[in-house]
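Here's target.pdb, which has PDB, C-alpha atoms, pLDDT in the B column:
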```pdb
ATOM      1  CA  MET S   1      15.998  23.406 107.595  1.00 89.00           C
ATOM      2  CA  ILE S   2      18.198  26.488 107.603  1.00 92.00           C
ATOM      3  CA  ILE S   3      17.042  29.480 109.628  1.00 94.00           C
ATOM      4  CA  ASP S   4      18.463  32.854 108.680  1.00 96.00           C
ATOM      5  CA  LEU S   5      18.384  35.411 111.477  1.00 96.00           C
ATOM      6  CA  ASN S   6      20.436  38.124 113.137  1.00 97.00           C
ATOM      7  CA  VAL S   7      21.910  37.167 116.509  1.00 97.00           C
ATOM      8  CA  ASN S   8      23.621  39.773 118.674  1.00 97.00           C
ATOM      9  CA  GLY S   9      24.262  41.972 115.656  1.00 96.00           C
ATOM     10  CA  GLU S  10      25.560  39.294 113.293  1.00 97.00           C
ATOM     11  CA  PRO S  11      23.756  37.471 110.479  1.00 98.00           C
ATOM     12  CA  LYS S  12      23.543  33.740 111.181  1.00 96.00           C
ATOM     13  CA  HIS S  13      22.444  30.673 109.245  1.00 95.00           C
ATOM     14  CA  LEU S  14      21.422  28.015 111.734  1.00 95.00           C
ATOM     15  CA  GLN S  15      20.515  24.395 111.162  1.00 92.00           C
ATOM     16  CA  ALA S  16      17.316  23.263 112.882  1.00 93.00           C
ATOM     17  CA  ARG S  17      15.005  20.276 112.781  1.00 92.00           C
ATOM     18  CA  SER S  18      11.242  20.746 112.719  1.00 88.00           C
ATOM     19  CA  GLY S  19      10.746  20.085 116.464  1.00 91.00           C
ATOM     20  CA  ASP S  20      13.696  22.107 117.759  1.00 94.00           C
ATOM     21  CA  ARG S  21      13.188  24.884 120.270  1.00 94.00           C
ATOM     22  CA  LEU S  22      14.960  28.186 119.712  1.00 95.00           C
ATOM     23  CA  VAL S  23      16.840  27.943 123.022  1.00 95.00           C
ATOM     24  CA  ASP S  24      18.453  24.659 121.950  1.00 93.00           C
ATOM     25  CA  VAL S  25      19.429  25.878 118.490  1.00 95.00           C
ATOM     26  CA  LEU S  26      20.971  29.104 119.842  1.00 96.00           C
ATOM     27  CA  ARG S  27      22.837  27.286 122.575  1.00 93.00           C
ATOM     28  CA  ASP S  28      24.023  24.343 120.448  1.00 92.00           C
ATOM     29  CA  GLU S  29      24.840  26.215 117.240  1.00 93.00           C
ATOM     30  CA  LEU S  30      26.195  29.469 118.720  1.00 95.00           C
ATOM     31  CA  SER S  31      27.354  28.411 122.195  1.00 93.00           C
ATOM     32  CA  LEU S  32      25.341  31.145 123.913  1.00 93.00           C
ATOM     33  CA  SER S  33      26.035  30.087 127.474  1.00 89.00           C
ATOM     34  CA  SER S  34      23.519  32.496 129.040  1.00 92.00           C
ATOM     35  CA  LEU S  35      20.671  30.432 127.582  1.00 91.00           C
ATOM     36  CA  LEU S  36      19.782  27.470 129.733  1.00 83.00           C
ATOM     37  CA  PRO S  37      16.793  25.287 128.925  1.00 76.00           C
ATOM     38  CA  ASP S  38      16.068  24.305 132.520  1.00 75.00           C
ATOM     39  CA  CYS S  39      12.322  24.200 133.076  1.00 78.00           C
ATOM     40  CA  LEU S  40      11.250  23.882 129.418  1.00 76.00           C
ATOM     41  CA  SER S  41       7.921  25.414 130.388  1.00 79.00           C
ATOM     42  CA  GLY S  42       8.649  29.162 130.494  1.00 81.00           C
ATOM     43  CA  LYS S  43       8.720  29.489 134.269  1.00 84.00           C
ATOM     44  CA  CYS S  44      12.362  29.871 135.258  1.00 88.00           C
ATOM     45  CA  GLY S  45      13.481  32.777 133.034  1.00 89.00           C
ATOM     46  CA  ARG S  46      16.875  31.241 132.278  1.00 90.00           C
ATOM     47  CA  CYS S  47      16.308  31.382 128.530  1.00 93.00           C
ATOM     48  CA  PHE S  48      15.227  35.015 128.114  1.00 95.00           C
ATOM     49  CA  ILE S  49      16.135  36.694 124.847  1.00 97.00           C
ATOM     50  CA  PHE S  50      14.928  39.779 123.068  1.00 98.00           C
ATOM     51  CA  MET S  51      13.328  38.713 119.800  1.00 98.00           C
ATOM     52  CA  ASP S  52      12.558  41.639 117.536  1.00 98.00           C
ATOM     53  CA  GLY S  53      12.735  43.901 120.587  1.00 96.00           C
ATOM     54  CA  ARG S  54      10.374  41.849 122.776  1.00 97.00           C
ATOM     55  CA  LEU S  55      11.469  39.849 125.813  1.00 97.00           C
ATOM     56  CA  VAL S  56      10.577  36.189 125.189  1.00 97.00           C
ATOM     57  CA  LEU S  57      11.276  32.823 126.730  1.00 95.00           C
ATOM     58  CA  SER S  58      13.231  31.048 124.005  1.00 95.00           C
ATOM     59  CA  CYS S  59      12.298  27.608 125.366  1.00 93.00           C
ATOM     60  CA  LEU S  60       8.720  28.294 124.250  1.00 94.00           C
ATOM     61  CA  VAL S  61       9.612  29.428 120.724  1.00 95.00           C
ATOM     62  CA  PRO S  62       9.831  26.828 117.969  1.00 95.00           C
ATOM     63  CA  ALA S  63      13.095  27.483 116.122  1.00 95.00           C
ATOM     64  CA  PHE S  64      11.387  27.907 112.750  1.00 95.00           C
ATOM     65  CA  LYS S  65       9.341  30.842 114.146  1.00 95.00           C
ATOM     66  CA  ALA S  66      12.563  32.845 114.551  1.00 96.00           C
ATOM     67  CA  LYS S  67      13.273  32.869 110.813  1.00 96.00           C
ATOM     68  CA  GLY S  68      14.183  36.428 109.795  1.00 97.00           C
ATOM     69  CA  SER S  69      14.154  37.678 113.394  1.00 97.00           C
ATOM     70  CA  THR S  70      16.620  39.815 115.283  1.00 98.00           C
ATOM     71  CA  ILE S  71      17.729  38.052 118.454  1.00 98.00           C
ATOM     72  CA  GLN S  72      19.629  39.563 121.368  1.00 98.00           C
ATOM     73  CA  SER S  73      20.807  37.385 124.232  1.00 97.00           C
ATOM     74  CA  TYR S  74      22.423  38.424 127.494  1.00 97.00           C
ATOM     75  CA  GLU S  75      25.778  38.296 125.705  1.00 96.00           C
ATOM     76  CA  ALA S  76      24.692  41.310 123.601  1.00 96.00           C
ATOM     77  CA  PHE S  77      24.017  43.403 126.713  1.00 96.00           C
ATOM     78  CA  LYS S  78      26.474  42.244 129.373  1.00 95.00           C
ATOM     79  CA  ASP S  79      29.031  45.009 128.764  1.00 95.00           C
ATOM     80  CA  MET S  80      26.514  47.810 128.229  1.00 95.00           C
ATOM     81  CA  PRO S  81      26.062  50.635 130.773  1.00 95.00           C
ATOM     82  CA  ASP S  82      22.454  49.610 131.482  1.00 95.00           C
ATOM     83  CA  VAL S  83      23.491  46.141 132.664  1.00 97.00           C
ATOM     84  CA  LYS S  84      26.455  47.453 134.618  1.00 97.00           C
ATOM     85  CA  GLU S  85      24.103  49.877 136.393  1.00 97.00           C
ATOM     86  CA  ILE S  86      21.641  47.082 137.186  1.00 97.00           C
ATOM     87  CA  ILE S  87      24.440  44.972 138.677  1.00 97.00           C
ATOM     88  CA  LEU S  88      25.816  47.923 140.650  1.00 97.00           C
ATOM     89  CA  ALA S  89      22.343  48.728 141.976  1.00 97.00           C
ATOM     90  CA  MET S  90      21.869  45.098 143.013  1.00 97.00           C
ATOM     91  CA  GLU S  91      25.187  45.210 144.867  1.00 97.00           C
ATOM     92  CA  LYS S  92      24.297  48.466 146.636  1.00 97.00           C
ATOM     93  CA  ALA S  93      20.859  47.169 147.604  1.00 96.00           C
ATOM     94  CA  GLU S  94      22.354  43.848 148.720  1.00 95.00           C
ATOM     95  CA  ALA S  95      20.058  42.101 146.257  1.00 94.00           C
ATOM     96  CA  LEU S  96      22.525  39.980 144.310  1.00 92.00           C
ATOM     97  CA  PRO S  97      20.723  37.071 142.681  1.00 93.00           C
ATOM     98  CA  CYS S  98      22.122  33.551 142.633  1.00 92.00           C
ATOM     99  CA  ALA S  99      23.877  32.053 139.627  1.00 90.00           C
ATOM    100  CA  PHE S 100      20.669  30.223 138.702  1.00 89.00           C
ATOM    101  CA  CYS S 101      18.572  33.342 138.087  1.00 91.00           C
ATOM    102  CA  ARG S 102      21.101  36.161 137.626  1.00 93.00           C
ATOM    103  CA  THR S 103      20.851  36.606 133.857  1.00 94.00           C
ATOM    104  CA  GLY S 104      17.087  36.065 133.888  1.00 94.00           C
ATOM    105  CA  LYS S 105      16.540  38.802 136.468  1.00 96.00           C
ATOM    106  CA  ILE S 106      18.900  41.171 134.675  1.00 97.00           C
ATOM    107  CA  MET S 107      17.130  40.604 131.337  1.00 97.00           C
ATOM    108  CA  ALA S 108      13.717  41.089 133.004  1.00 97.00           C
ATOM    109  CA  ILE S 109      14.870  44.345 134.627  1.00 97.00           C
ATOM    110  CA  LEU S 110      16.442  45.536 131.369  1.00 97.00           C
ATOM    111  CA  ASP S 111      13.117  44.947 129.615  1.00 98.00           C
ATOM    112  CA  LEU S 112      11.150  46.701 132.358  1.00 98.00           C
ATOM    113  CA  LEU S 113      13.383  49.782 132.384  1.00 97.00           C
ATOM    114  CA  GLY S 114      13.176  49.958 128.602  1.00 95.00           C
ATOM    115  CA  ARG S 115       9.397  50.185 128.809  1.00 95.00           C
ATOM    116  CA  SER S 116       9.006  52.090 132.069  1.00 95.00           C
ATOM    117  CA  PRO S 117      11.811  54.507 133.007  1.00 93.00           C
ATOM    118  CA  LEU S 118      10.549  54.866 136.599  1.00 94.00           C
ATOM    119  CA  PRO S 119       8.606  51.700 137.373  1.00 96.00           C
ATOM    120  CA  GLU S 120       6.410  51.405 140.433  1.00 96.00           C
ATOM    121  CA  GLU S 121       6.781  48.616 142.978  1.00 96.00           C
ATOM    122  CA  LYS S 122       3.820  46.666 141.566  1.00 97.00           C
ATOM    123  CA  GLU S 123       5.336  46.729 138.045  1.00 97.00           C
ATOM    124  CA  ILE S 124       8.720  45.613 139.347  1.00 97.00           C
ATOM    125  CA  LEU S 125       7.310  42.707 141.338  1.00 96.00           C
ATOM    126  CA  LYS S 126       5.143  41.579 138.420  1.00 96.00           C
ATOM    127  CA  GLN S 127       8.119  41.661 136.041  1.00 96.00           C
ATOM    128  CA  LEU S 128      10.434  39.807 138.408  1.00 94.00           C
ATOM    129  CA  ASP S 129       7.748  37.196 138.997  1.00 92.00           C
ATOM    130  CA  MET S 130       8.646  35.914 135.512  1.00 92.00           C
ATOM    131  CA  VAL S 131      11.869  34.512 137.003  1.00 93.00           C
ATOM    132  CA  ALA S 132      11.181  31.528 139.247  1.00 88.00           C
ATOM    133  CA  CYS S 133      13.756  31.929 141.990  1.00 87.00           C
ATOM    134  CA  SER S 134      13.338  33.240 145.499  1.00 85.00           C
ATOM    135  CA  CYS S 135      17.016  33.760 146.287  1.00 89.00           C
ATOM    136  CA  THR S 136      16.633  37.508 146.701  1.00 89.00           C
ATOM    137  CA  ASP S 137      14.409  39.489 149.031  1.00 90.00           C
ATOM    138  CA  PRO S 138      11.681  41.231 146.971  1.00 92.00           C
ATOM    139  CA  VAL S 139      12.047  44.459 148.977  1.00 94.00           C
ATOM    140  CA  SER S 140      15.772  44.593 148.147  1.00 95.00           C
ATOM    141  CA  LEU S 141      15.051  43.857 144.489  1.00 95.00           C
ATOM    142  CA  VAL S 142      12.518  46.666 144.276  1.00 96.00           C
ATOM    143  CA  LYS S 143      15.091  48.995 145.825  1.00 97.00           C
ATOM    144  CA  ALA S 144      17.751  47.807 143.356  1.00 97.00           C
ATOM    145  CA  VAL S 145      15.492  48.355 140.342  1.00 97.00           C
ATOM    146  CA  GLY S 146      14.663  51.855 141.581  1.00 96.00           C
ATOM    147  CA  MET S 147      18.350  52.631 141.979  1.00 97.00           C
ATOM    148  CA  ALA S 148      19.130  51.242 138.512  1.00 97.00           C
ATOM    149  CA  ALA S 149      16.321  53.336 137.020  1.00 96.00           C
ATOM    150  CA  GLU S 150      17.689  56.470 138.663  1.00 95.00           C
ATOM    151  CA  MET S 151      21.242  55.745 137.449  1.00 95.00           C
ATOM    152  CA  ARG S 152      19.967  55.107 133.941  1.00 94.00           C
ATOM    153  CA  ASN S 153      17.934  58.308 133.882  1.00 91.00           C
ATOM    154  CA  LYS S 154      20.833  60.380 135.209  1.00 91.00           C
ATOM    155  CA  ARG S 155      23.079  59.002 132.473  1.00 89.00           C
ATOM    156  CA  LYS S 156      20.410  59.313 129.786  1.00 84.00           C
ATOM    157  CA  PHE S 157      19.657  62.939 130.607  1.00 81.00           C
ATOM    158  CA  ASN S 158      23.258  63.867 131.574  1.00 78.00           C
ATOM    159  CA  ARG S 159      22.240  64.844 135.086  1.00 67.00           C
ATOM    160  CA  ALA S 160      24.948  65.062 137.696  1.00 58.00           C
ATOM    161  CA  ASP S 161      24.544  63.655 141.199  1.00 57.00           C
ATOM    162  CA  LYS S 162      23.308  66.306 143.609  1.00 48.00           C
TER     163      LYS S 162
END
```
The structure in this file should be written as structure tokens.
Amino acid sequence: MIIDLNVNGEPKHLQARSGDRLVDVLRDELSLSSLLPDCLSGKCGRCFIFMDGRLVLSCLVPAFKAKGSTIQSYEAFKDMPDVKEIILAMEKAEALPCAFCRTGKIMAILDLLGRSPLPEEKEILKQLDMVACSCTDPVSLVKAVGMAAEMRNKRKFNRADK
């Protein structure tokens, strides 16, 4: 079957079989290297995408369910100010994630900050629990997310550092 959808701002016509998962179709057909079908059970966070504005684990989505959807992978965000601020905040907080979970944590934080401009510690920990990797100290991650939120809000509201 052919699945018509929009991926990272471009219309795409992808070939999929009835049992294919969305992560496999996106990776195989479009070479989206940020999508890795590691756990195949929605626990590792390595296959996060935004599907119609919602953060989803693409390994749990049958490909046919994406028909007509708008998909955004890490590749759509990697050069945006929000992601650069998240990475900078992680560096400053000494909370750099490993290569295994990096994109998953960034996508989870991007989603959280989109919904909650100043998230509380409990929200941050719950969100980051969606990425199964313990490479980074949770206290440092909470600090990094807080810093990223502050940077984002300063930029969004054109506030200068004081």
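One distance worth recording is that between atom CA of Phe157 of chain S and atom CA of Leu118 of chain S, which is 13.6 Å.
The residue that comes closest to Leu30 of chain S, out of S:Val142, S:Val7, S:Ile106, S:Ala16 and on the basis of all atoms listed in the file, is S:Val7.
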Taking 5 positions as the minimum chain separation for residues in the same chain, which residues sit within 10 Å of segment 147-152 of chain S when counting all atoms listed in the file? Answer as JSON, numbers by chain. {"S": [81, 82, 83, 84, 85, 86, 87, 88, 89, 90, 92, 93, 109, 110, 112, 113, 114, 116, 117, 118, 119, 141, 142, 157, 158, 159, 161]}
Which residues would end up in the selection if the PyMOL selection byres ((chain S and resi 135) around 10) were applied here, given that I need the answer as a PyMOL selection string? chain S and resi 95-102+132-134+136-138
For Pro11 of chain S, work out the shell of residues within 12 Å, counting all atoms listed in the file and skipping chain neighbours fewer than 2 positions away, then give it as a ChimeraX atom specification. /S:3-9,13-14,30,67-72
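Using all atoms listed in the file, the shortest contact distance between Asp24 of chain S and any of S:Cys44, S:Leu57, S:Ala63, S:Cys39 is found at S:Ala63.
In this structure, atom CA of Glu91 of chain S sits 16.4 Å away from atom CA of Gly104 of chain S.
For the atom pair formed by atom CA of Arg27 of chain S and atom CA of Arg54 of chain S, the distance is 19.2 Å, given to one decimal.
Distance annotation: of S:Ile2, S:Asp129, S:Ser140, S:Gly19, the residue with the minimal separation from Pro62 of chain S is S:Gly19; atom set is all atoms listed in the file.
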Every residue with an atom at most 12 Å from (13.4, 23.4, 130.3) (file coordinates; all atoms listed in the file) is what I'm after, so could you write them as a PyMOL selection string? chain S and resi 21-24+35-48+57-61
Using C-alpha atoms, can you write the selected residues to a file as a PDB file, in the frame of the given file?
```pdb
ATOM      1  CA  ARG S  21      13.188  24.884 120.270  1.00 94.00           C
ATOM      2  CA  LEU S  22      14.960  28.186 119.712  1.00 95.00           C
ATOM      3  CA  VAL S  23      16.840  27.943 123.022  1.00 95.00           C
ATOM      4  CA  ASP S  24      18.453  24.659 121.950  1.00 93.00           C
ATOM      5  CA  LEU S  35      20.671  30.432 127.582  1.00 91.00           C
ATOM      6  CA  LEU S  36      19.782  27.470 129.733  1.00 83.00           C
ATOM      7  CA  PRO S  37      16.793  25.287 128.925  1.00 76.00           C
ATOM      8  CA  ASP S  38      16.068  24.305 132.520  1.00 75.00           C
ATOM      9  CA  CYS S  39      12.322  24.200 133.076  1.00 78.00           C
ATOM     10  CA  LEU S  40      11.250  23.882 129.418  1.00 76.00           C
ATOM     11  CA  SER S  41       7.921  25.414 130.388  1.00 79.00           C
ATOM     12  CA  GLY S  42       8.649  29.162 130.494  1.00 81.00           C
ATOM     13  CA  LYS S  43       8.720  29.489 134.269  1.00 84.00           C
ATOM     14  CA  CYS S  44      12.362  29.871 135.258  1.00 88.00           C
ATOM     15  CA  GLY S  45      13.481  32.777 133.034  1.00 89.00           C
ATOM     16  CA  ARG S  46      16.875  31.241 132.278  1.00 90.00           C
ATOM     17  CA  CYS S  47      16.308  31.382 128.530  1.00 93.00           C
ATOM     18  CA  PHE S  48      15.227  35.015 128.114  1.00 95.00           C
ATOM     19  CA  LEU S  57      11.276  32.823 126.730  1.00 95.00           C
ATOM     20  CA  SER S  58      13.231  31.048 124.005  1.00 95.00           C
ATOM     21  CA  CYS S  59      12.298  27.608 125.366  1.00 93.00           C
ATOM     22  CA  LEU S  60       8.720  28.294 124.250  1.00 94.00           C
ATOM     23  CA  VAL S  61       9.612  29.428 120.724  1.00 95.00           C
TER      24      VAL S  61
END
```
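Ranking S:Val131, S:Val139, S:Val145, S:Met80 by their shortest atom-to-atom distance to Lys105 of chain S, with only C-alpha atoms included, puts S:Val131 first.
Distances from S:Asp52, S:Glu75, S:Ser34, S:Met107 to Leu128 of chain S were compared using all atoms listed in the file, and the smallest one belongs to S:Met107.
Closest approach to Lys143 of chain S among S:Met1, S:Glu120, S:Ser33, S:Ala66 is made by S:Glu120 (distances from all atoms listed in the file).
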